[in-house]
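This is entry.cif (mmCIF, C-alpha atoms and all ligand atoms).
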```cif
data_start
#
loop_
_atom_site.group_PDB
_atom_site.id
_atom_site.type_symbol
_atom_site.label_atom_id
_atom_site.label_comp_id
_atom_site.auth_asym_id
_atom_site.auth_seq_id
_atom_site.Cartn_x
_atom_site.Cartn_y
_atom_site.Cartn_z
ATOM 1 C CA MET A 141 0.000 0.000 0.000
ATOM 2 C CA LYS A 142 1.860 3.053 -1.218
ATOM 3 C CA THR A 143 -0.382 6.093 -1.054
ATOM 4 C CA ALA A 144 -3.668 6.028 0.818
ATOM 5 C CA ILE A 145 -6.393 8.539 1.636
ATOM 6 C CA TYR A 146 -8.494 8.643 4.772
ATOM 7 C CA PRO A 147 -11.349 11.026 3.893
ATOM 8 C CA GLY A 148 -14.019 12.574 6.078
ATOM 9 C CA SER A 149 -15.480 15.678 7.666
ATOM 10 C CA PHE A 150 -13.442 15.648 10.894
ATOM 11 C CA ASP A 151 -15.667 18.256 12.557
ATOM 12 C CA PRO A 152 -13.791 17.778 14.848
ATOM 13 C CA VAL A 153 -11.293 14.914 14.847
ATOM 14 C CA THR A 154 -11.978 12.377 17.630
ATOM 15 C CA TYR A 155 -10.021 9.529 19.224
ATOM 16 C CA GLY A 156 -11.951 7.218 16.884
ATOM 17 C CA HIS A 157 -10.537 8.951 13.797
ATOM 18 C CA LEU A 158 -7.055 9.081 15.333
ATOM 19 C CA ASP A 159 -7.150 5.344 15.948
ATOM 20 C CA ILE A 160 -7.849 4.743 12.240
ATOM 21 C CA ILE A 161 -5.186 7.290 11.203
ATOM 22 C CA GLU A 162 -2.478 5.742 13.399
ATOM 23 C CA ARG A 163 -3.226 2.229 12.204
ATOM 24 C CA SER A 164 -3.435 3.098 8.499
ATOM 25 C CA ALA A 165 -0.270 5.208 8.728
ATOM 26 C CA LYS A 166 1.523 1.947 9.578
ATOM 27 C CA LEU A 167 0.142 0.298 6.436
ATOM 28 C CA ALA A 168 0.774 3.089 3.915
ATOM 29 C CA GLU A 169 3.921 4.843 2.791
ATOM 30 C CA VAL A 170 2.024 8.128 2.621
ATOM 31 C CA LEU A 171 -1.389 8.692 4.171
ATOM 32 C CA TYR A 172 -3.410 11.736 3.154
ATOM 33 C CA VAL A 173 -6.083 12.702 5.631
ATOM 34 C CA GLY A 174 -8.557 14.389 3.286
ATOM 35 C CA ILE A 175 -11.028 16.922 4.649
ATOM 36 C CA LEU A 176 -14.046 17.366 2.401
ATOM 37 C CA ARG A 177 -14.677 21.060 1.682
ATOM 38 C CA ASN A 178 -18.003 20.926 -0.161
ATOM 39 C CA ASN A 179 -19.840 19.117 2.599
ATOM 40 C CA SER A 180 -23.607 19.427 2.942
ATOM 41 C CA LYS A 181 -23.226 19.199 6.734
ATOM 42 C CA LYS A 182 -23.208 22.528 8.579
ATOM 43 C CA PRO A 183 -19.833 22.420 10.330
ATOM 44 C CA LEU A 184 -18.920 23.780 13.773
ATOM 45 C CA PHE A 185 -15.298 24.349 12.742
ATOM 46 C CA SER A 186 -13.994 26.005 9.591
ATOM 47 C CA VAL A 187 -11.889 23.878 7.271
ATOM 48 C CA GLU A 188 -8.790 25.800 8.418
ATOM 49 C CA GLU A 189 -9.553 25.033 12.065
ATOM 50 C CA ARG A 190 -10.061 21.360 11.265
ATOM 51 C CA ILE A 191 -6.743 21.231 9.381
ATOM 52 C CA GLU A 192 -4.984 22.827 12.334
ATOM 53 C CA MET A 193 -6.437 20.363 14.859
ATOM 54 C CA LEU A 194 -5.638 17.369 12.664
ATOM 55 C CA GLU A 195 -2.074 18.585 12.060
ATOM 56 C CA HIS A 196 -1.601 19.081 15.780
ATOM 57 C CA GLU A 197 -2.840 15.574 16.579
ATOM 58 C CA THR A 198 -0.839 13.842 13.824
ATOM 59 C CA ALA A 199 2.427 15.778 14.227
ATOM 60 C CA HIS A 200 4.132 12.611 15.539
ATOM 61 C CA LEU A 201 3.302 10.706 12.328
ATOM 62 C CA PRO A 202 5.788 11.813 9.632
ATOM 63 C CA ASN A 203 4.038 10.044 6.730
ATOM 64 C CA VAL A 204 0.645 11.655 7.410
ATOM 65 C CA LYS A 205 -0.346 14.769 5.462
ATOM 66 C CA VAL A 206 -3.524 16.724 6.069
ATOM 67 C CA ILE A 207 -5.114 18.076 2.911
ATOM 68 C CA THR A 208 -8.527 19.297 1.763
ATOM 69 C CA PHE A 209 -10.515 18.339 -1.288
ATOM 70 C CA ASP A 210 -13.582 19.378 -3.271
ATOM 71 C CA GLY A 211 -15.751 17.286 -5.513
ATOM 72 C CA LEU A 212 -15.454 13.566 -6.016
ATOM 73 C CA LEU A 213 -13.278 11.530 -3.701
ATOM 74 C CA VAL A 214 -11.921 9.411 -6.546
ATOM 75 C CA ASP A 215 -10.802 12.535 -8.445
ATOM 76 C CA PHE A 216 -8.925 13.583 -5.345
ATOM 77 C CA ALA A 217 -7.406 10.086 -5.133
ATOM 78 C CA ARG A 218 -6.258 10.325 -8.745
ATOM 79 C CA SER A 219 -4.803 13.803 -8.209
ATOM 80 C CA VAL A 220 -2.475 12.542 -5.462
ATOM 81 C CA ASN A 221 -1.856 9.151 -7.103
ATOM 82 C CA ALA A 222 -3.495 7.262 -4.275
ATOM 83 C CA GLN A 223 -4.388 3.622 -4.886
ATOM 84 C CA VAL A 224 -6.273 3.057 -1.664
ATOM 85 C CA LEU A 225 -9.125 4.697 0.247
ATOM 86 C CA VAL A 226 -9.336 3.914 3.944
ATOM 87 C CA ARG A 227 -12.616 3.914 5.818
ATOM 88 C CA GLY A 228 -13.422 2.940 9.369
ATOM 89 C CA LEU A 229 -16.325 0.652 10.205
ATOM 90 C CA ARG A 230 -17.779 1.300 13.631
ATOM 91 C CA ALA A 231 -20.854 -0.897 13.585
ATOM 92 C CA VAL A 232 -23.148 -2.803 11.235
ATOM 93 C CA THR A 233 -25.058 0.428 10.664
ATOM 94 C CA ASP A 234 -22.031 1.895 8.846
ATOM 95 C CA PHE A 235 -21.811 -1.071 6.511
ATOM 96 C CA GLU A 236 -24.593 -0.411 4.038
ATOM 97 C CA TYR A 237 -23.564 3.171 3.343
ATOM 98 C CA GLU A 238 -19.892 2.261 3.132
ATOM 99 C CA LEU A 239 -20.582 -0.639 0.785
ATOM 100 C CA GLN A 240 -22.578 1.599 -1.561
ATOM 101 C CA MET A 241 -19.885 4.269 -1.476
ATOM 102 C CA SER A 242 -17.017 1.866 -2.115
ATOM 103 C CA GLN A 243 -18.842 0.141 -4.957
ATOM 104 C CA THR A 244 -19.725 3.458 -6.583
ATOM 105 C CA ASN A 245 -16.157 4.686 -6.248
ATOM 106 C CA ARG A 246 -14.832 1.449 -7.727
ATOM 107 C CA LYS A 247 -17.192 1.725 -10.673
ATOM 108 C CA ILE A 248 -16.000 5.271 -11.421
ATOM 109 C CA ALA A 249 -12.333 4.559 -10.714
ATOM 110 C CA PRO A 250 -11.493 0.830 -10.868
ATOM 111 C CA GLU A 251 -7.838 1.539 -10.121
ATOM 112 C CA VAL A 252 -8.706 2.883 -6.656
ATOM 113 C CA ASP A 253 -9.676 0.342 -4.003
ATOM 114 C CA THR A 254 -11.268 0.808 -0.582
ATOM 115 C CA ILE A 255 -10.086 -0.957 2.532
ATOM 116 C CA PHE A 256 -11.994 -1.004 5.810
ATOM 117 C CA LEU A 257 -10.508 -0.984 9.261
ATOM 118 C CA THR A 258 -12.799 -1.938 12.100
ATOM 119 C CA THR A 259 -12.798 0.830 14.657
ATOM 120 C CA ASN A 260 -11.309 0.063 18.039
ATOM 121 C CA LEU A 261 -14.205 -1.169 20.210
ATOM 122 C CA LYS A 262 -13.389 1.577 22.706
ATOM 123 C CA TYR A 263 -14.591 4.120 20.144
ATOM 124 C CA ALA A 264 -17.282 2.177 18.292
ATOM 125 C CA TYR A 265 -20.071 4.451 19.550
ATOM 126 C CA LEU A 266 -18.290 7.726 18.794
ATOM 127 C CA SER A 267 -19.152 10.362 16.229
ATOM 128 C CA SER A 268 -18.245 14.027 15.926
ATOM 129 C CA SER A 269 -21.899 15.010 16.435
ATOM 130 C CA ILE A 270 -22.130 13.068 19.712
ATOM 131 C CA VAL A 271 -19.013 14.848 21.000
ATOM 132 C CA LYS A 272 -20.458 18.253 20.071
ATOM 133 C CA GLU A 273 -23.753 17.428 21.714
ATOM 134 C CA VAL A 274 -22.141 16.323 24.992
ATOM 135 C CA ALA A 275 -19.941 19.450 24.967
ATOM 136 C CA PHE A 276 -22.931 21.674 24.258
ATOM 137 C CA TYR A 277 -24.547 20.481 27.498
ATOM 138 C CA GLN A 278 -21.239 20.927 29.376
ATOM 139 C CA GLY A 279 -20.607 17.181 29.632
ATOM 140 C CA ASP A 280 -17.137 15.676 29.994
ATOM 141 C CA ILE A 281 -15.642 14.985 26.545
ATOM 142 C CA SER A 282 -12.166 13.978 27.722
ATOM 143 C CA ALA A 283 -12.734 10.318 26.762
ATOM 144 C CA PHE A 284 -13.745 11.269 23.207
ATOM 145 C CA VAL A 285 -11.204 13.826 21.975
ATOM 146 C CA PRO A 286 -7.607 14.817 22.840
ATOM 147 C CA PRO A 287 -7.180 17.706 25.323
ATOM 148 C CA TYR A 288 -6.183 20.178 22.575
ATOM 149 C CA VAL A 289 -9.361 19.457 20.599
ATOM 150 C CA ALA A 290 -11.504 19.548 23.744
ATOM 151 C CA GLU A 291 -10.131 23.017 24.485
ATOM 152 C CA LYS A 292 -11.008 24.207 20.960
ATOM 153 C CA ILE A 293 -14.552 22.840 21.311
ATOM 154 C CA HIS A 294 -15.040 24.574 24.663
ATOM 155 C CA GLN A 295 -13.698 27.857 23.223
ATOM 156 C CA LYS A 296 -16.027 27.571 20.249
ATOM 157 C CA MET A 297 -19.051 26.926 22.436
ATOM 158 C CA GLY A 298 -18.146 29.705 24.840
HETATM 159 N N1 LIG A 301 -14.464 7.177 14.881
HETATM 160 C C1 LIG A 301 -15.309 8.132 15.268
HETATM 161 N N2 LIG A 301 -16.210 8.692 14.454
HETATM 162 C C2 LIG A 301 -16.218 8.271 13.185
HETATM 163 C C3 LIG A 301 -15.357 7.282 12.716
HETATM 164 C C4 LIG A 301 -14.453 6.734 13.625
HETATM 165 N N3 LIG A 301 -13.604 5.776 13.270
HETATM 166 N N4 LIG A 301 -15.618 7.081 11.421
HETATM 167 C C5 LIG A 301 -16.607 7.908 11.093
HETATM 168 N N5 LIG A 301 -16.968 8.623 12.158
HETATM 169 C C6 LIG A 301 -18.064 9.579 12.242
HETATM 170 C C7 LIG A 301 -17.703 10.953 11.843
HETATM 171 O O1 LIG A 301 -17.279 11.707 12.953
HETATM 172 C C8 LIG A 301 -19.013 11.450 11.289
HETATM 173 O O2 LIG A 301 -19.807 11.884 12.364
HETATM 174 P P1 LIG A 301 -20.855 13.065 12.193
HETATM 175 O O3 LIG A 301 -21.848 12.605 11.165
HETATM 176 O O4 LIG A 301 -21.402 13.181 13.543
HETATM 177 O O5 LIG A 301 -20.082 14.278 11.732
HETATM 178 C C9 LIG A 301 -19.663 10.218 10.693
HETATM 179 O O6 LIG A 301 -19.041 9.156 11.329
HETATM 180 C C10 LIG A 301 -19.458 9.993 9.212
HETATM 181 O O7 LIG A 301 -18.498 10.853 8.800
HETATM 182 P P2 LIG A 301 -17.250 10.767 7.884
HETATM 183 O O8 LIG A 301 -16.473 9.510 8.012
HETATM 184 O O9 LIG A 301 -16.505 12.015 8.127
HETATM 185 O O10 LIG A 301 -17.903 10.666 6.541
HETATM 186 P P3 LIG A 301 -18.825 11.687 5.825
HETATM 187 O O11 LIG A 301 -20.062 10.910 5.571
HETATM 188 O O12 LIG A 301 -18.934 12.982 6.507
HETATM 189 O O13 LIG A 301 -17.961 11.923 4.527
HETATM 190 C C11 LIG A 301 -16.823 11.197 2.503
HETATM 191 C C12 LIG A 301 -17.575 10.835 3.767
HETATM 192 C C13 LIG A 301 -16.059 12.478 2.608
HETATM 193 C C14 LIG A 301 -15.836 10.078 2.296
HETATM 194 C C15 LIG A 301 -17.850 11.184 1.350
HETATM 195 O O14 LIG A 301 -18.908 12.072 1.657
HETATM 196 C C16 LIG A 301 -17.232 11.597 0.040
HETATM 197 O O15 LIG A 301 -16.441 10.891 -0.513
HETATM 198 N N6 LIG A 301 -17.624 12.754 -0.486
HETATM 199 C C17 LIG A 301 -17.090 13.283 -1.737
HETATM 200 C C18 LIG A 301 -18.093 13.214 -2.867
HETATM 201 C C19 LIG A 301 -18.080 11.869 -3.497
HETATM 202 O O16 LIG A 301 -17.088 11.381 -3.984
HETATM 203 N N7 LIG A 301 -19.251 11.219 -3.489
HETATM 204 C C20 LIG A 301 -19.444 9.946 -4.077
HETATM 205 C C21 LIG A 301 -19.170 8.902 -3.069
HETATM 206 S S1 LIG A 301 -19.958 7.430 -3.567
#
```

How does this structure look as C-alpha cells?
Amino acid sequence: MKTAIYPGSFDPVTYGHLDIIERSAKLAEVLYVGILRNNSKKPLFSVEERIEMLEHETAHLPNVKVITFDGLLVDFARSVNAQVLVRGLRAVTDFEYELQMSQTNRKIAPEVDTIFLTTNLKYAYLSSSIVKEVAFYQGDISAFVPPYVAEKIHQKMG
C-alpha cells in the first residue's frame, strides 16, 4: 500500500478517527487525511480550524499529510496518485452506506480500491456530532477527543 487517503469531515477529529489514522499510517507509505470542503453538513469548525487540529494531533506521524478536497473523492485520489481509500467501520449500521460508497467509487475509478478498518471497540459508539452534543450540554468529553481538541470545542461553544 503506497499512497492512501483517509477522507471525512473531521468536525472535529476524535479519538476514533485518530485510531484509524495511526493504524493506516503503519500500512501506507504516505497517508493523506482528506477533509471534504463541499460538505452538505453545517460544520462547527472552519476547514482551516479542522486542518490545524488534525495537524496538531498527527504531528508525531511523519508520513501523514492533512489536505482538503472538493468534488469527487476518486478525483482527489487520482490527483495525489493514491491507490487506496481507507474507511473505518464502527458498527453494522455503517456497513450499508460504506458498501454503496465503495462500490460506486470502484465503478468510477477501478484503479482505486477501498479498505476497511474496524474501529477500536473503545470508540465504536463515537461520532463528531455526539461529542459536540455532549460538549454543548457541558458534559465531559475527555474520553472522546484529545485535550487540545476539547479546548477548541469549549472555546467555540463559549
Ligand atoms: N471514529 C469516530 N467517528 C467516526 C469514525 C471513527 N472511526 N468514522 C466515522 N466517524 C463519524 C464521523 O465523525 C461522522 O460523524 P458526524 O456525522 O457526527 O459528523 C460520521 O461518522 C461519518 O463521517 P465521515 O467519516 O466524516 O464521513 P462523511 O459521511 O462525513 O464523509 C466522505 C464521507 C467524505 C468520504 C464522502 O462524503 C465523500 O467521498 N464525499 C465526496 C463526494 C463523493 O465522492 N461522493 C461519491 C461517493 S460514492

Hits of the PyMOL selection byres (((chain A and resi 151) around 10) and not hetatm) in this structure, as a PyMOL selection string:
chain A and resi 148-150+152-154+175+181-187+189-191+193+267-269+271-272+293

Quick one: write out the picked residues with C-alpha atoms as an mmCIF file, keeping the file's coordinate frame?
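Result saved to again_8.cif:
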```cif
data_model
loop_
_atom_site.group_PDB
_atom_site.id
_atom_site.type_symbol
_atom_site.label_atom_id
_atom_site.label_comp_id
_atom_site.auth_asym_id
_atom_site.auth_seq_id
_atom_site.Cartn_x
_atom_site.Cartn_y
_atom_site.Cartn_z
ATOM 1 C CA GLY A 148 -14.019 12.574 6.078
ATOM 2 C CA SER A 149 -15.480 15.678 7.666
ATOM 3 C CA PHE A 150 -13.442 15.648 10.894
ATOM 4 C CA PRO A 152 -13.791 17.778 14.848
ATOM 5 C CA VAL A 153 -11.293 14.914 14.847
ATOM 6 C CA THR A 154 -11.978 12.377 17.630
ATOM 7 C CA ILE A 175 -11.028 16.922 4.649
ATOM 8 C CA LYS A 181 -23.226 19.199 6.734
ATOM 9 C CA LYS A 182 -23.208 22.528 8.579
ATOM 10 C CA PRO A 183 -19.833 22.420 10.330
ATOM 11 C CA LEU A 184 -18.920 23.780 13.773
ATOM 12 C CA PHE A 185 -15.298 24.349 12.742
ATOM 13 C CA SER A 186 -13.994 26.005 9.591
ATOM 14 C CA VAL A 187 -11.889 23.878 7.271
ATOM 15 C CA GLU A 189 -9.553 25.033 12.065
ATOM 16 C CA ARG A 190 -10.061 21.360 11.265
ATOM 17 C CA ILE A 191 -6.743 21.231 9.381
ATOM 18 C CA MET A 193 -6.437 20.363 14.859
ATOM 19 C CA SER A 267 -19.152 10.362 16.229
ATOM 20 C CA SER A 268 -18.245 14.027 15.926
ATOM 21 C CA SER A 269 -21.899 15.010 16.435
ATOM 22 C CA VAL A 271 -19.013 14.848 21.000
ATOM 23 C CA LYS A 272 -20.458 18.253 20.071
ATOM 24 C CA ILE A 293 -14.552 22.840 21.311
#
```

Using the chain letters and numbering of this document, enumerate as a ChimeraX atom specification the residues selected by the PyMOL selection byres (((chain A and resi 239) around 12) and not hetatm).
/A:227-229,232-238,240-246,253-256

Take the residues just selected and output them with C-alpha atoms as an mmCIF file, in the frame of the given file.
```
data_model
loop_
_atom_site.group_PDB
_atom_site.id
_atom_site.type_symbol
_atom_site.label_atom_id
_atom_site.label_comp_id
_atom_site.auth_asym_id
_atom_site.auth_seq_id
_atom_site.Cartn_x
_atom_site.Cartn_y
_atom_site.Cartn_z
ATOM 1 C CA ARG A 227 -12.616 3.914 5.818
ATOM 2 C CA GLY A 228 -13.422 2.940 9.369
ATOM 3 C CA LEU A 229 -16.325 0.652 10.205
ATOM 4 C CA VAL A 232 -23.148 -2.803 11.235
ATOM 5 C CA THR A 233 -25.058 0.428 10.664
ATOM 6 C CA ASP A 234 -22.031 1.895 8.846
ATOM 7 C CA PHE A 235 -21.811 -1.071 6.511
ATOM 8 C CA GLU A 236 -24.593 -0.411 4.038
ATOM 9 C CA TYR A 237 -23.564 3.171 3.343
ATOM 10 C CA GLU A 238 -19.892 2.261 3.132
ATOM 11 C CA GLN A 240 -22.578 1.599 -1.561
ATOM 12 C CA MET A 241 -19.885 4.269 -1.476
ATOM 13 C CA SER A 242 -17.017 1.866 -2.115
ATOM 14 C CA GLN A 243 -18.842 0.141 -4.957
ATOM 15 C CA THR A 244 -19.725 3.458 -6.583
ATOM 16 C CA ASN A 245 -16.157 4.686 -6.248
ATOM 17 C CA ARG A 246 -14.832 1.449 -7.727
ATOM 18 C CA ASP A 253 -9.676 0.342 -4.003
ATOM 19 C CA THR A 254 -11.268 0.808 -0.582
ATOM 20 C CA ILE A 255 -10.086 -0.957 2.532
ATOM 21 C CA PHE A 256 -11.994 -1.004 5.810
#
```

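Take CA of Leu171 (chain A) and CA of Ile281 (chain A): the distance between them is 27.3 Å.
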
Pick out the closest residue to ligand LIG 301 (chain A) from this set: A:Ser164, A:Thr259, A:Asn203, A:Thr198. Count only C-alpha atoms and all ligand atoms.
A:Thr259

Expand the PyMOL selection byres (((chain A and resi 158) around 12) and not hetatm) into the explicit residue set it covers here, and present it as a ChimeraX atom specification.
/A:146,150,152-157,159-165,173,193-201,204,228,259-260,263,266,284-286,289

Ligand LIG 301 (chain A), all listed atoms, 6 Å padding on each side: what axis-aligned box centre and edge lengths in Å to one decimal come out, as AutoDock Vina command-line options?
```
--center_x -17.7 --center_y 10.0 --center_z 5.6 --size_x 20.2 --size_y 20.5 --size_z 31.3
```

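You will find CA of Pro287 (chain A) at 28.3 Å from atom N6 of ligand LIG 301 (chain A).
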
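CA of Ala217 (chain A) to CA of Ile145 (chain A) spans 7.0 Å [interatomic distance, one decimal].
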